[in-house]
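Source file model.txt; content: compact mmCIF, C-alpha atoms and all ligand atoms.
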# COMPACT_ATOMS: atom_id res chain seq x y z
CA MET A 1 -1.56 6.10 5.99
CA LYS A 2 1.66 4.28 5.42
CA ILE A 3 2.34 1.31 3.11
CA GLY A 4 5.44 -0.81 3.60
CA ILE A 5 7.12 -2.61 0.71
CA ILE A 6 8.81 -5.80 1.80
CA GLY A 7 10.33 -8.88 0.14
CA ARG A 8 13.63 -10.62 -0.39
CA THR A 9 16.41 -9.01 -2.35
CA ASN A 10 16.41 -8.19 -6.09
CA VAL A 11 12.69 -8.72 -6.66
CA GLY A 12 12.03 -5.09 -7.70
CA LYS A 13 10.95 -3.40 -4.45
CA SER A 14 12.80 -0.18 -5.17
CA THR A 15 11.60 -0.19 -8.79
CA LEU A 16 8.04 -0.38 -7.47
CA PHE A 17 8.80 2.34 -4.92
CA LYS A 18 10.20 4.61 -7.63
CA ALA A 19 7.28 3.92 -9.97
CA LEU A 20 4.92 4.92 -7.14
CA THR A 21 6.77 7.96 -5.86
CA LEU A 22 9.20 9.06 -8.61
CA GLU A 23 11.84 9.51 -5.90
CA GLU A 24 15.40 9.04 -7.12
CA VAL A 25 16.49 5.73 -5.61
CA GLU A 26 19.05 3.10 -6.43
CA ILE A 27 17.86 0.21 -8.57
CA GLU A 28 20.27 -2.48 -9.67
CA ASP A 29 20.36 -6.03 -10.87
CA ARG A 30 22.36 -7.26 -7.89
CA PRO A 31 21.51 -8.36 -4.36
CA PHE A 32 21.23 -5.83 -1.52
CA THR A 33 21.17 -2.61 -3.48
CA THR A 34 19.00 -0.87 -0.90
CA ILE A 35 20.52 -0.45 2.55
CA GLU A 36 18.82 2.55 4.14
CA PRO A 37 15.02 2.70 3.83
CA ASN A 38 13.54 4.85 1.05
CA LYS A 39 10.60 6.97 2.08
CA GLY A 40 8.30 8.88 -0.24
CA VAL A 41 4.77 9.80 -1.19
CA GLY A 42 2.67 7.76 -3.61
CA TYR A 43 -0.97 8.12 -4.59
CA VAL A 44 -4.15 6.09 -4.58
CA THR A 45 -6.67 7.14 -7.18
CA ILE A 46 -10.41 7.75 -7.18
CA ASP A 47 -12.85 9.42 -9.59
CA CYS A 48 -13.04 13.12 -8.83
CA PRO A 49 -16.63 14.12 -7.93
CA GLU A 50 -16.24 17.02 -10.40
CA LYS A 51 -17.57 14.65 -13.08
CA TYR A 52 -20.75 13.89 -11.12
CA PHE A 53 -21.40 17.54 -10.28
CA ASN A 54 -20.28 18.79 -13.68
CA VAL A 55 -17.86 21.35 -12.22
CA LYS A 56 -14.09 21.88 -12.44
CA CYS A 57 -12.26 21.24 -9.18
CA THR A 58 -9.55 23.43 -7.61
CA PRO A 59 -7.35 20.80 -5.96
CA HIS A 60 -5.52 21.65 -2.77
CA ASN A 61 -4.22 18.53 -1.00
CA ALA A 62 -4.81 15.96 -3.77
CA PRO A 63 -3.99 16.69 -7.44
CA CYS A 64 -6.51 15.97 -10.19
CA ALA A 65 -5.77 14.84 -13.75
CA ASP A 66 -8.46 14.09 -16.34
CA GLY A 67 -11.10 13.56 -13.65
CA THR A 68 -8.96 11.29 -11.47
CA ARG A 69 -7.92 12.44 -7.99
CA PHE A 70 -4.52 11.41 -6.66
CA VAL A 71 -4.69 11.04 -2.89
CA PRO A 72 -1.31 10.97 -1.14
CA ILE A 73 -0.10 8.10 1.02
CA ASN A 74 3.31 7.40 2.55
CA ILE A 75 5.38 4.59 1.11
CA ILE A 76 8.46 2.97 2.58
CA ASP A 77 10.84 0.61 0.77
CA VAL A 78 13.43 -1.31 2.73
CA ALA A 79 16.40 -3.61 2.27
CA GLY A 80 15.87 -7.19 1.10
CA LEU A 81 14.74 -9.53 3.85
CA VAL A 82 16.85 -12.61 4.61
CA GLU A 83 16.11 -15.69 6.64
CA GLY A 84 16.89 -14.93 10.27
CA ALA A 85 16.28 -11.18 9.88
CA SER A 86 13.94 -11.24 12.88
CA GLU A 87 16.93 -12.42 14.95
CA GLY A 88 19.16 -9.72 13.54
CA LYS A 89 20.67 -11.45 10.48
CA GLY A 90 21.40 -9.44 7.32
CA LEU A 91 20.37 -5.86 7.87
CA GLY A 92 18.23 -7.27 10.57
CA ASN A 93 15.41 -6.00 12.62
CA LYS A 94 16.07 -2.26 12.53
CA PHE A 95 14.17 -1.95 9.29
CA LEU A 96 11.67 -4.63 10.30
CA SER A 97 10.51 -2.42 13.15
CA GLU A 98 10.30 0.51 10.74
CA ILE A 99 8.27 -1.40 8.16
CA MET A 100 5.97 -2.77 10.84
CA GLU A 101 4.81 0.77 11.60
CA ALA A 102 3.03 0.61 8.24
CA ASP A 103 -0.75 0.14 8.11
CA ALA A 104 -0.59 -2.35 5.26
CA ILE A 105 2.11 -4.30 3.47
CA ILE A 106 2.97 -5.02 -0.14
CA GLU A 107 5.15 -8.10 -0.38
CA VAL A 108 6.95 -8.10 -3.73
CA ILE A 109 7.97 -11.43 -5.22
CA ASP A 110 9.69 -12.22 -8.52
CA ILE A 111 7.11 -14.27 -10.43
CA SER A 112 9.56 -14.89 -13.31
CA GLY A 113 11.61 -17.30 -11.17
CA ASN A 114 14.76 -15.81 -12.73
CA THR A 115 16.38 -14.94 -9.38
CA ASP A 116 16.87 -17.14 -6.32
CA SER A 117 16.46 -16.44 -2.58
CA SER A 118 19.84 -14.70 -2.51
CA GLY A 119 18.89 -12.50 -5.48
CA ASN A 120 21.25 -14.26 -7.91
CA LYS A 121 20.39 -15.34 -11.46
CA THR A 122 18.75 -18.73 -11.84
CA LYS A 123 15.88 -20.43 -13.68
CA ASP A 124 12.51 -21.70 -12.44
CA PHE A 125 12.93 -20.59 -8.84
CA ASP A 126 9.75 -21.18 -6.87
CA PRO A 127 8.66 -17.87 -5.25
CA ALA A 128 6.58 -19.82 -2.72
CA ILE A 129 9.87 -20.30 -0.85
CA ASP A 130 10.22 -16.53 -0.51
CA ILE A 131 6.62 -16.09 0.62
CA GLU A 132 7.14 -18.67 3.37
CA MET A 133 10.38 -17.04 4.47
CA VAL A 134 8.90 -13.52 4.63
CA ASP A 135 5.79 -14.79 6.39
CA ASN A 136 7.93 -16.55 8.95
CA GLU A 137 10.23 -13.60 9.60
CA ILE A 138 7.37 -11.12 10.03
CA LYS A 139 5.60 -13.41 12.48
CA LYS A 140 8.76 -14.17 14.42
CA TRP A 141 9.55 -10.46 14.65
CA ILE A 142 6.13 -9.52 15.99
CA ALA A 143 6.25 -12.53 18.33
CA SER A 144 9.60 -11.33 19.69
CA ILE A 145 8.01 -7.96 20.47
CA ILE A 146 5.07 -9.66 22.20
CA LEU A 147 7.55 -11.75 24.22
CA ARG A 148 9.01 -8.56 25.71
CA SER A 149 5.81 -8.30 27.75
CA ARG A 150 6.24 -9.31 31.38
CA TYR A 151 3.02 -10.87 32.57
CA VAL A 152 2.81 -12.15 36.10
CA GLY A 153 -0.87 -12.93 36.07
CA LYS A 154 -2.07 -9.81 37.82
CA GLU A 155 -2.98 -7.11 35.29
CA ASP A 156 -4.99 -7.42 32.10
CA ILE A 157 -2.87 -9.49 29.72
CA ALA A 158 -3.99 -7.38 26.71
CA ASP A 159 -2.86 -4.16 28.45
CA ILE A 160 0.60 -5.63 29.03
CA ILE A 161 0.97 -6.81 25.43
CA PHE A 162 -0.35 -3.54 24.02
CA LYS A 163 2.44 -1.60 25.76
CA ASN A 164 4.88 -3.37 23.43
CA VAL A 165 2.93 -3.75 20.19
CA SER A 166 1.61 -0.18 20.13
CA GLY A 167 5.07 0.71 18.80
CA ILE A 168 4.38 -1.31 15.67
CA ASN A 169 1.00 0.27 15.19
CA ILE A 170 -1.26 -2.55 16.40
CA LYS A 171 -4.53 -1.18 17.78
CA TYR A 172 -5.58 -1.68 21.41
CA SER A 173 -8.93 -3.08 20.26
CA THR A 174 -7.07 -5.61 18.10
CA VAL A 175 -4.95 -6.83 21.02
CA LYS A 176 -8.12 -7.24 23.10
CA GLU A 177 -9.81 -9.21 20.31
CA VAL A 178 -6.78 -11.41 19.69
CA VAL A 179 -6.38 -12.30 23.37
CA LYS A 180 -10.08 -13.14 23.59
CA GLU A 181 -10.35 -15.08 20.33
CA LEU A 182 -7.30 -17.21 21.09
CA GLY A 183 -8.13 -17.56 24.78
CA ILE A 184 -4.63 -16.40 25.76
CA LYS A 185 -3.76 -17.04 29.42
CA GLU A 186 0.03 -16.82 29.20
CA ILE A 187 2.71 -15.38 26.95
CA ASN A 188 5.14 -17.98 25.60
CA ASP A 189 6.84 -18.79 22.28
CA GLU A 190 3.83 -20.64 20.97
CA THR A 191 1.09 -18.21 21.98
CA ALA A 192 3.19 -15.24 20.84
CA VAL A 193 3.44 -16.59 17.27
CA LYS A 194 -0.31 -17.30 17.21
CA MET A 195 -1.05 -13.79 18.41
CA ALA A 196 1.41 -12.31 15.90
CA SER A 197 -0.38 -14.07 13.03
CA LEU A 198 -3.81 -12.87 14.03
CA MET A 199 -2.63 -9.31 14.75
CA MET A 200 -1.11 -9.15 11.25
CA LYS A 201 -4.31 -10.42 9.69
CA LYS A 202 -6.46 -7.88 11.51
CA ASP A 203 -4.31 -4.76 11.39
CA LYS A 204 -1.80 -5.15 8.57
CA PRO A 205 -3.29 -6.72 5.48
CA LEU A 206 -0.64 -8.05 3.15
CA LEU A 207 -0.93 -8.18 -0.63
CA VAL A 208 1.52 -10.36 -2.49
CA LEU A 209 2.48 -8.48 -5.63
CA CYS A 210 3.95 -10.76 -8.28
CA ASN A 211 6.44 -8.54 -10.09
CA LYS A 212 8.22 -9.02 -13.43
CA MET A 213 5.09 -10.38 -15.12
CA ASP A 214 6.61 -9.06 -18.34
CA SER A 215 9.08 -11.96 -18.20
CA VAL A 216 6.59 -14.84 -18.08
CA GLN A 217 4.31 -16.46 -20.64
CA ASP A 218 2.13 -18.42 -18.20
CA LEU A 219 1.20 -15.83 -15.58
CA ASP A 220 -2.25 -17.25 -14.85
CA GLU A 221 -0.90 -20.71 -14.18
CA ARG A 222 1.79 -19.36 -11.86
CA LEU A 223 -0.76 -17.28 -9.96
CA ARG A 224 -3.12 -20.23 -9.70
CA LYS A 225 -0.44 -22.37 -8.04
CA LEU A 226 0.38 -19.69 -5.49
CA ARG A 227 -3.25 -18.96 -4.70
CA GLU A 228 -3.80 -22.65 -4.10
CA LYS A 229 -0.99 -22.76 -1.59
CA PHE A 230 -1.46 -19.54 0.39
CA ASP A 231 -4.22 -17.66 2.08
CA TYR A 232 -2.96 -14.28 0.83
CA GLU A 233 -4.34 -12.18 -2.01
CA PHE A 234 -2.16 -12.14 -5.11
CA MET A 235 -1.92 -9.55 -7.86
CA ALA A 236 0.61 -9.21 -10.66
CA CYS A 237 2.53 -6.26 -12.05
CA SER A 238 5.48 -5.03 -14.00
CA ALA A 239 7.06 -2.32 -11.88
CA ALA A 240 9.71 -1.72 -14.54
CA ALA A 241 7.05 -1.07 -17.21
CA GLU A 242 5.17 1.30 -14.88
CA LEU A 243 8.39 3.16 -14.12
CA THR A 244 9.22 3.53 -17.82
CA ILE A 245 5.74 4.94 -18.51
CA LYS A 246 5.95 7.38 -15.57
CA GLU A 247 9.38 8.62 -16.61
CA ALA A 248 8.44 8.95 -20.29
CA GLU A 249 5.32 10.88 -19.27
CA LYS A 250 7.32 13.13 -16.94
CA ASN A 251 9.74 13.92 -19.77
CA GLY A 252 6.88 14.67 -22.16
CA PHE A 253 7.52 11.77 -24.57
CA ILE A 254 4.23 9.99 -24.16
CA ARG A 255 0.78 10.37 -22.66
CA PHE A 256 -1.01 7.44 -21.08
CA LYS A 257 -4.78 7.87 -21.09
CA ASP A 258 -7.73 5.48 -21.00
CA GLY A 259 -5.40 2.50 -21.18
CA LYS A 260 -3.64 3.75 -24.32
CA LEU A 261 -0.13 5.07 -24.92
CA GLU A 262 0.11 8.10 -27.18
CA ARG A 263 3.46 9.24 -28.49
CA ILE A 264 3.83 13.00 -28.13
CA LYS A 265 7.43 13.48 -29.30
CA GLU A 266 9.56 11.60 -31.80
CA LEU A 267 11.27 8.77 -29.93
CA SER A 268 14.79 7.45 -30.47
CA GLY A 269 15.19 3.82 -31.60
CA GLU A 270 15.91 2.67 -28.05
CA GLN A 271 12.99 4.61 -26.58
CA GLU A 272 10.69 3.29 -29.28
CA ASN A 273 11.74 -0.28 -28.40
CA ALA A 274 11.05 0.28 -24.71
CA ILE A 275 7.62 1.76 -25.46
CA LYS A 276 6.77 -1.12 -27.82
CA ILE A 277 7.49 -3.67 -25.06
CA ILE A 278 5.24 -1.73 -22.70
CA ASP A 279 2.55 -1.36 -25.33
CA ASN A 280 2.52 -5.15 -25.62
CA ILE A 281 2.19 -5.59 -21.84
CA ILE A 282 -0.73 -3.19 -21.76
CA LYS A 283 -2.42 -4.89 -24.73
CA LYS A 284 -1.98 -8.26 -23.04
CA TYR A 285 -2.88 -7.38 -19.44
CA GLY A 286 -4.78 -4.09 -19.74
CA SER A 287 -2.32 -2.24 -17.46
CA THR A 288 1.03 -2.61 -15.69
CA GLY A 289 -0.87 -3.65 -12.54
CA VAL A 290 0.87 -1.18 -10.20
CA ARG A 291 -1.89 1.35 -9.61
CA GLU A 292 -4.51 -1.39 -9.30
CA ALA A 293 -2.44 -3.15 -6.63
CA LEU A 294 -2.09 -0.05 -4.47
CA ASN A 295 -5.78 0.84 -4.82
CA HIS A 296 -6.81 -2.73 -4.02
CA LEU A 297 -4.70 -2.84 -0.88
CA VAL A 298 -5.89 0.54 0.42
CA PHE A 299 -9.58 0.43 -0.57
CA GLU A 300 -10.43 -3.28 -0.52
CA LEU A 301 -8.06 -4.99 1.92
CA LYS A 302 -7.72 -2.06 4.30
CA GLY A 303 -11.19 -0.64 3.62
CA TYR A 304 -10.04 2.99 3.66
CA LYS A 305 -12.26 5.63 2.08
CA VAL A 306 -11.74 8.98 0.43
CA VAL A 307 -14.00 11.81 1.56
CA PHE A 308 -14.28 15.28 0.05
CA PRO A 309 -15.28 17.82 2.72
CA VAL A 310 -16.72 21.18 1.61
CA GLU A 311 -18.13 24.19 3.45
CA ASP A 312 -20.72 25.29 0.89
CA GLU A 313 -22.85 22.36 -0.25
CA LYS A 314 -24.28 24.22 -3.25
CA ARG A 315 -21.05 25.58 -4.70
CA LEU A 316 -18.95 22.69 -3.29
CA THR A 317 -16.34 25.14 -2.05
CA ASP A 318 -14.18 25.65 1.02
CA GLY A 319 -13.77 28.99 2.84
CA PHE A 320 -11.43 30.21 0.09
CA GLY A 321 -13.90 29.52 -2.73
CA ARG A 322 -11.92 26.51 -3.97
CA ILE A 323 -14.10 23.82 -5.52
CA LEU A 324 -13.76 20.29 -4.05
CA PRO A 325 -10.31 21.23 -2.76
CA ASP A 326 -9.44 18.37 -0.42
CA ALA A 327 -9.62 14.60 -0.51
CA TYR A 328 -9.07 12.92 2.85
CA LEU A 329 -8.17 9.28 3.22
CA VAL A 330 -9.92 7.92 6.31
CA GLU A 331 -10.02 4.55 8.06
CA LYS A 332 -12.75 2.00 7.41
CA ASP A 333 -15.06 2.83 10.31
CA THR A 334 -14.66 6.61 10.30
CA ASN A 335 -17.97 8.41 10.86
CA PRO A 336 -18.73 12.04 9.86
CA LYS A 337 -17.46 13.35 13.20
CA GLY A 338 -14.19 11.51 12.54
CA VAL A 339 -13.94 13.37 9.24
CA ALA A 340 -14.56 16.63 11.14
CA ALA A 341 -11.65 15.75 13.44
CA LYS A 342 -9.43 15.27 10.39
CA ILE A 343 -10.26 18.81 9.25
CA HIS A 344 -9.62 20.48 12.61
CA SER A 345 -10.15 19.76 16.30
CA ASP A 346 -12.39 22.86 16.51
CA VAL A 347 -14.60 21.53 13.71
CA ALA A 348 -14.95 18.25 15.63
CA LYS A 349 -15.74 20.15 18.87
CA ASN A 350 -18.51 22.17 17.23
CA TYR A 351 -19.80 19.28 15.08
CA LYS A 352 -23.58 19.31 14.66
CA GLY A 353 -24.05 16.85 11.83
CA ALA A 354 -23.18 16.36 8.16
CA VAL A 355 -24.91 16.56 4.79
CA ASP A 356 -24.20 14.31 1.79
CA CYS A 357 -23.84 16.82 -1.05
CA LYS A 358 -24.96 14.33 -3.70
CA THR A 359 -28.34 13.66 -2.06
CA GLY A 360 -28.67 16.88 -0.07
CA LEU A 361 -29.71 14.73 2.91
CA LYS A 362 -28.30 14.63 6.43
CA VAL A 363 -26.19 11.54 7.06
CA LYS A 364 -26.33 9.32 10.14
CA ASN A 365 -23.82 10.45 12.73
CA ASP A 366 -22.84 6.94 13.75
CA SER A 367 -22.55 5.36 10.29
CA PRO A 368 -19.22 5.06 8.53
CA VAL A 369 -18.75 7.51 5.65
CA LYS A 370 -18.79 6.18 2.08
CA ASN A 371 -15.93 6.07 -0.37
CA GLY A 372 -16.07 9.13 -2.66
CA GLN A 373 -18.63 10.93 -0.48
CA VAL A 374 -18.78 14.73 -0.62
CA LEU A 375 -19.69 15.99 2.84
CA LYS A 376 -20.63 19.30 4.33
CA ILE A 377 -19.92 19.27 8.04
CA LEU A 378 -22.47 21.33 9.98
CA VAL A 379 -20.97 23.36 12.83
N1 LIG A 401 11.86 -7.69 -16.13
C1 LIG A 401 11.64 -6.92 -15.06
N2 LIG A 401 12.68 -6.55 -14.28
C2 LIG A 401 12.41 -5.77 -13.20
C3 LIG A 401 11.09 -5.36 -12.87
N3 LIG A 401 11.14 -4.61 -11.75
C4 LIG A 401 12.44 -4.56 -11.37
N4 LIG A 401 13.21 -5.24 -12.25
C5 LIG A 401 14.67 -5.40 -12.21
O1 LIG A 401 15.03 -6.16 -11.07
C6 LIG A 401 16.32 -5.72 -10.57
C7 LIG A 401 16.23 -5.39 -9.09
O2 LIG A 401 15.42 -4.27 -8.91
P1 LIG A 401 15.39 -3.43 -7.55
O3 LIG A 401 14.20 -2.53 -7.63
O4 LIG A 401 16.69 -2.80 -7.26
O5 LIG A 401 15.11 -4.63 -6.51
P2 LIG A 401 15.01 -4.58 -4.92
O6 LIG A 401 14.00 -5.61 -4.53
O7 LIG A 401 14.81 -3.21 -4.43
O8 LIG A 401 16.45 -5.13 -4.50
P3 LIG A 401 17.29 -4.88 -3.12
O9 LIG A 401 17.26 -3.45 -2.76
O10 LIG A 401 18.65 -5.34 -3.48
O11 LIG A 401 16.64 -5.76 -2.10
C8 LIG A 401 16.70 -4.52 -11.44
O12 LIG A 401 17.55 -4.95 -12.47
C9 LIG A 401 15.37 -4.07 -12.02
O13 LIG A 401 15.47 -3.38 -13.25
C10 LIG A 401 10.02 -5.75 -13.75
O14 LIG A 401 8.85 -5.42 -13.56
N5 LIG A 401 10.37 -6.54 -14.81
MG MG A 402 15.92 -1.98 -3.25
Could you render the structure from this file as structure tokens?
Ligand SMILES: Nc1nc2c(ncn2[C@@H]2O[C@H](COP(=O)(O)OP(=O)(O)OP(=O)(O)O)[C@@H](O)[C@H]2O)c(=O)[nH]1
Ligand SMILES: [Mg+2]
Amino acid sequence: MKIGIIGRTNVGKSTLFKALTLEEVEIEDRPFTTIEPNKGVGYVTIDCPEKYFNVKCTPHNAPCADGTRFVPINIIDVAGLVEGASEGKGLGNKFLSEIMEADAIIEVIDISGNTDSSGNKTKDFDPAIDIEMVDNEIKKWIASIILRSRYVGKEDIADIIFKNVSGINIKYSTVKEVVKELGIKEINDETAVKMASLMMKKDKPLLVLCNKMDSVQDLDERLRKLREKFDYEFMACSAAAELTIKEAEKNGFIRFKDGKLERIKELSGEQENAIKIIDNIIKKYGSTGVREALNHLVFELKGYKVVFPVEDEKRLTDGFGRILPDAYLVEKDTNPKGVAAKIHSDVAKNYKGAVDCKTGLKVKNDSPVKNGQVLKILV
């Protein structure tokens, strides 16, 4: 799975990307710091079934820390979007096509209102302006791809459109649904924008992540106004606070567990100040909001699930004796055979059924798997 981070310049996209992936990327308080896309691996989190089964896992593809599994996903961060990007303005549509390959989108906005549309310092800037601009550019870009379709009224209109939108990871079934729901008979500027909107809604859920919450006193009021105006889901975060915690943890200065910061080493005056600010954010909001946002997008808006396949349902091991080794992220409607296909094409070919290791019962072959399920595939 791939998540794309989008938004106008200087809102903190790369800070969020770095907090999620710990890749070394450029972050600066000036417009258009990022030019080339940053790509890396971040993690969604889920309780490790080791707690339930009272065993200790031997992670293989997804690390475990204190009973939490970290399941990898791809993240891409791109240059700041400008008005007209879909027509090639700014850094244009090269990166738009790249970001549109993503399965879900995080749109970062600056909730503090301390930077304007061009990324320069200001006061009380209304981020709704940015949301409208990004919304518009994404739709126009997808519409321009749909408009590449040459339909002369002979073939199936969905088939023609799919040839173009498959490149931006829109499903065939989605194109079919969109054409049917909107009653599309021809492809023109107007119908293309309508189709673009509905395709986005179905295949690329977008979460608006209100960054820099550390710089506002009235977060709830600001969120309320935005929620009133737009149909999107909104969450808030401080990417800078999350990044500071991650880096301090990596360097062995602090430990962050059960919502509390513990100091491990003596901190310098400057470090102590930084940690105090973060401590206050956590006391006020409960967390920096970053991990929650990613989990919400993947598990709630996209409906993905994590499945733990094992070969031995009693010992919960794979063929190498590793306990609960793998955690696979699968799409919403994946059934047990789909999980088998994720393991290996041979496993899928010889699939005879699956057992839920928590209940010991066989699961229905045509029902979607459940989030956190431990499955033994019968071959
Ligand atoms: N107060 C505060 N500042 C932040 C936060 N996140 C990022 N910043 C600051 O915002 C500025 C821009 O951050 P970047 O991550 O480079 O922003 P960007 O959206 O990637 O910018 P471009 O690549 O230029 O489009 C930097 O000075 C960051 O330190 C945050 O959560 N709180
Ligand atoms: Mg950047």
Subject >> Nearby residues, ligand MG 402 (chain A), 10 Å, all atoms listed in the file, as a PyMOL selection string >> reply: chain A and resi 5-18+25-38+77-80
Suppose we keep C-alpha atoms; can you now write the selection as a PDB file, in the coordinates of the input?
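Resulting contents of out.pdb:
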ATOM      1  CA  ILE A   5       7.120  -2.610   0.710  1.00  0.00           C
ATOM      2  CA  ILE A   6       8.810  -5.800   1.800  1.00  0.00           C
ATOM      3  CA  GLY A   7      10.330  -8.880   0.140  1.00  0.00           C
ATOM      4  CA  ARG A   8      13.630 -10.620  -0.390  1.00  0.00           C
ATOM      5  CA  THR A   9      16.410  -9.010  -2.350  1.00  0.00           C
ATOM      6  CA  ASN A  10      16.410  -8.190  -6.090  1.00  0.00           C
ATOM      7  CA  VAL A  11      12.690  -8.720  -6.660  1.00  0.00           C
ATOM      8  CA  GLY A  12      12.030  -5.090  -7.700  1.00  0.00           C
ATOM      9  CA  LYS A  13      10.950  -3.400  -4.450  1.00  0.00           C
ATOM     10  CA  SER A  14      12.800  -0.180  -5.170  1.00  0.00           C
ATOM     11  CA  THR A  15      11.600  -0.190  -8.790  1.00  0.00           C
ATOM     12  CA  LEU A  16       8.040  -0.380  -7.470  1.00  0.00           C
ATOM     13  CA  PHE A  17       8.800   2.340  -4.920  1.00  0.00           C
ATOM     14  CA  LYS A  18      10.200   4.610  -7.630  1.00  0.00           C
ATOM     15  CA  VAL A  25      16.490   5.730  -5.610  1.00  0.00           C
ATOM     16  CA  GLU A  26      19.050   3.100  -6.430  1.00  0.00           C
ATOM     17  CA  ILE A  27      17.860   0.210  -8.570  1.00  0.00           C
ATOM     18  CA  GLU A  28      20.270  -2.480  -9.670  1.00  0.00           C
ATOM     19  CA  ASP A  29      20.360  -6.030 -10.870  1.00  0.00           C
ATOM     20  CA  ARG A  30      22.360  -7.260  -7.890  1.00  0.00           C
ATOM     21  CA  PRO A  31      21.510  -8.360  -4.360  1.00  0.00           C
ATOM     22  CA  PHE A  32      21.230  -5.830  -1.520  1.00  0.00           C
ATOM     23  CA  THR A  33      21.170  -2.610  -3.480  1.00  0.00           C
ATOM     24  CA  THR A  34      19.000  -0.870  -0.900  1.00  0.00           C
ATOM     25  CA  ILE A  35      20.520  -0.450   2.550  1.00  0.00           C
ATOM     26  CA  GLU A  36      18.820   2.550   4.140  1.00  0.00           C
ATOM     27  CA  PRO A  37      15.020   2.700   3.830  1.00  0.00           C
ATOM     28  CA  ASN A  38      13.540   4.850   1.050  1.00  0.00           C
ATOM     29  CA  ASP A  77      10.840   0.610   0.770  1.00  0.00           C
ATOM     30  CA  VAL A  78      13.430  -1.310   2.730  1.00  0.00           C
ATOM     31  CA  ALA A  79      16.400  -3.610   2.270  1.00  0.00           C
ATOM     32  CA  GLY A  80      15.870  -7.190   1.100  1.00  0.00           C
TER      33      GLY A  80
END
Subject >> For ligand LIG 401 (chain A), the nearest of the candidates A:Val165, A:Ala65, A:Met213, A:Val369, counting only C-alpha atoms and all ligand atoms >> reply: A:Met213
Original post:
To one decimal place, how far is atom CA of A:Glu177 from atom CA of A:Leu147 in Å?
Top reply: 18.0 Å
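Atom CA of A:Ala62 to atom CA of A:Asp326 spans 6.2 Å [interatomic distance, one decimal].
Considering all atoms listed in the file, the residue among A:Asn211, A:Asn280, A:Gln217, A:Ser97 positioned nearest to ligand LIG 401 (chain A) is A:Asn211.
Remark: for A:Lys94, the closest of the candidate residues A:Met133, A:Leu226, A:Leu81, A:Ile377 is A:Leu81 (distances computed over all atoms listed in the file).
Contact shell of A:Tyr232 at 12 Å (all atoms listed in the file; same-chain neighbours under 3 positions omitted): Ile105, Ile106, Glu107, Ala128, Ile131, Glu132, Asp135, Met200, Lys201, Pro205, Leu206, Leu207, Val208, Leu209, Cys210, Leu223, Leu226, Arg227, Glu228, Lys229, Met235, Leu297 and Leu301 of chain A.
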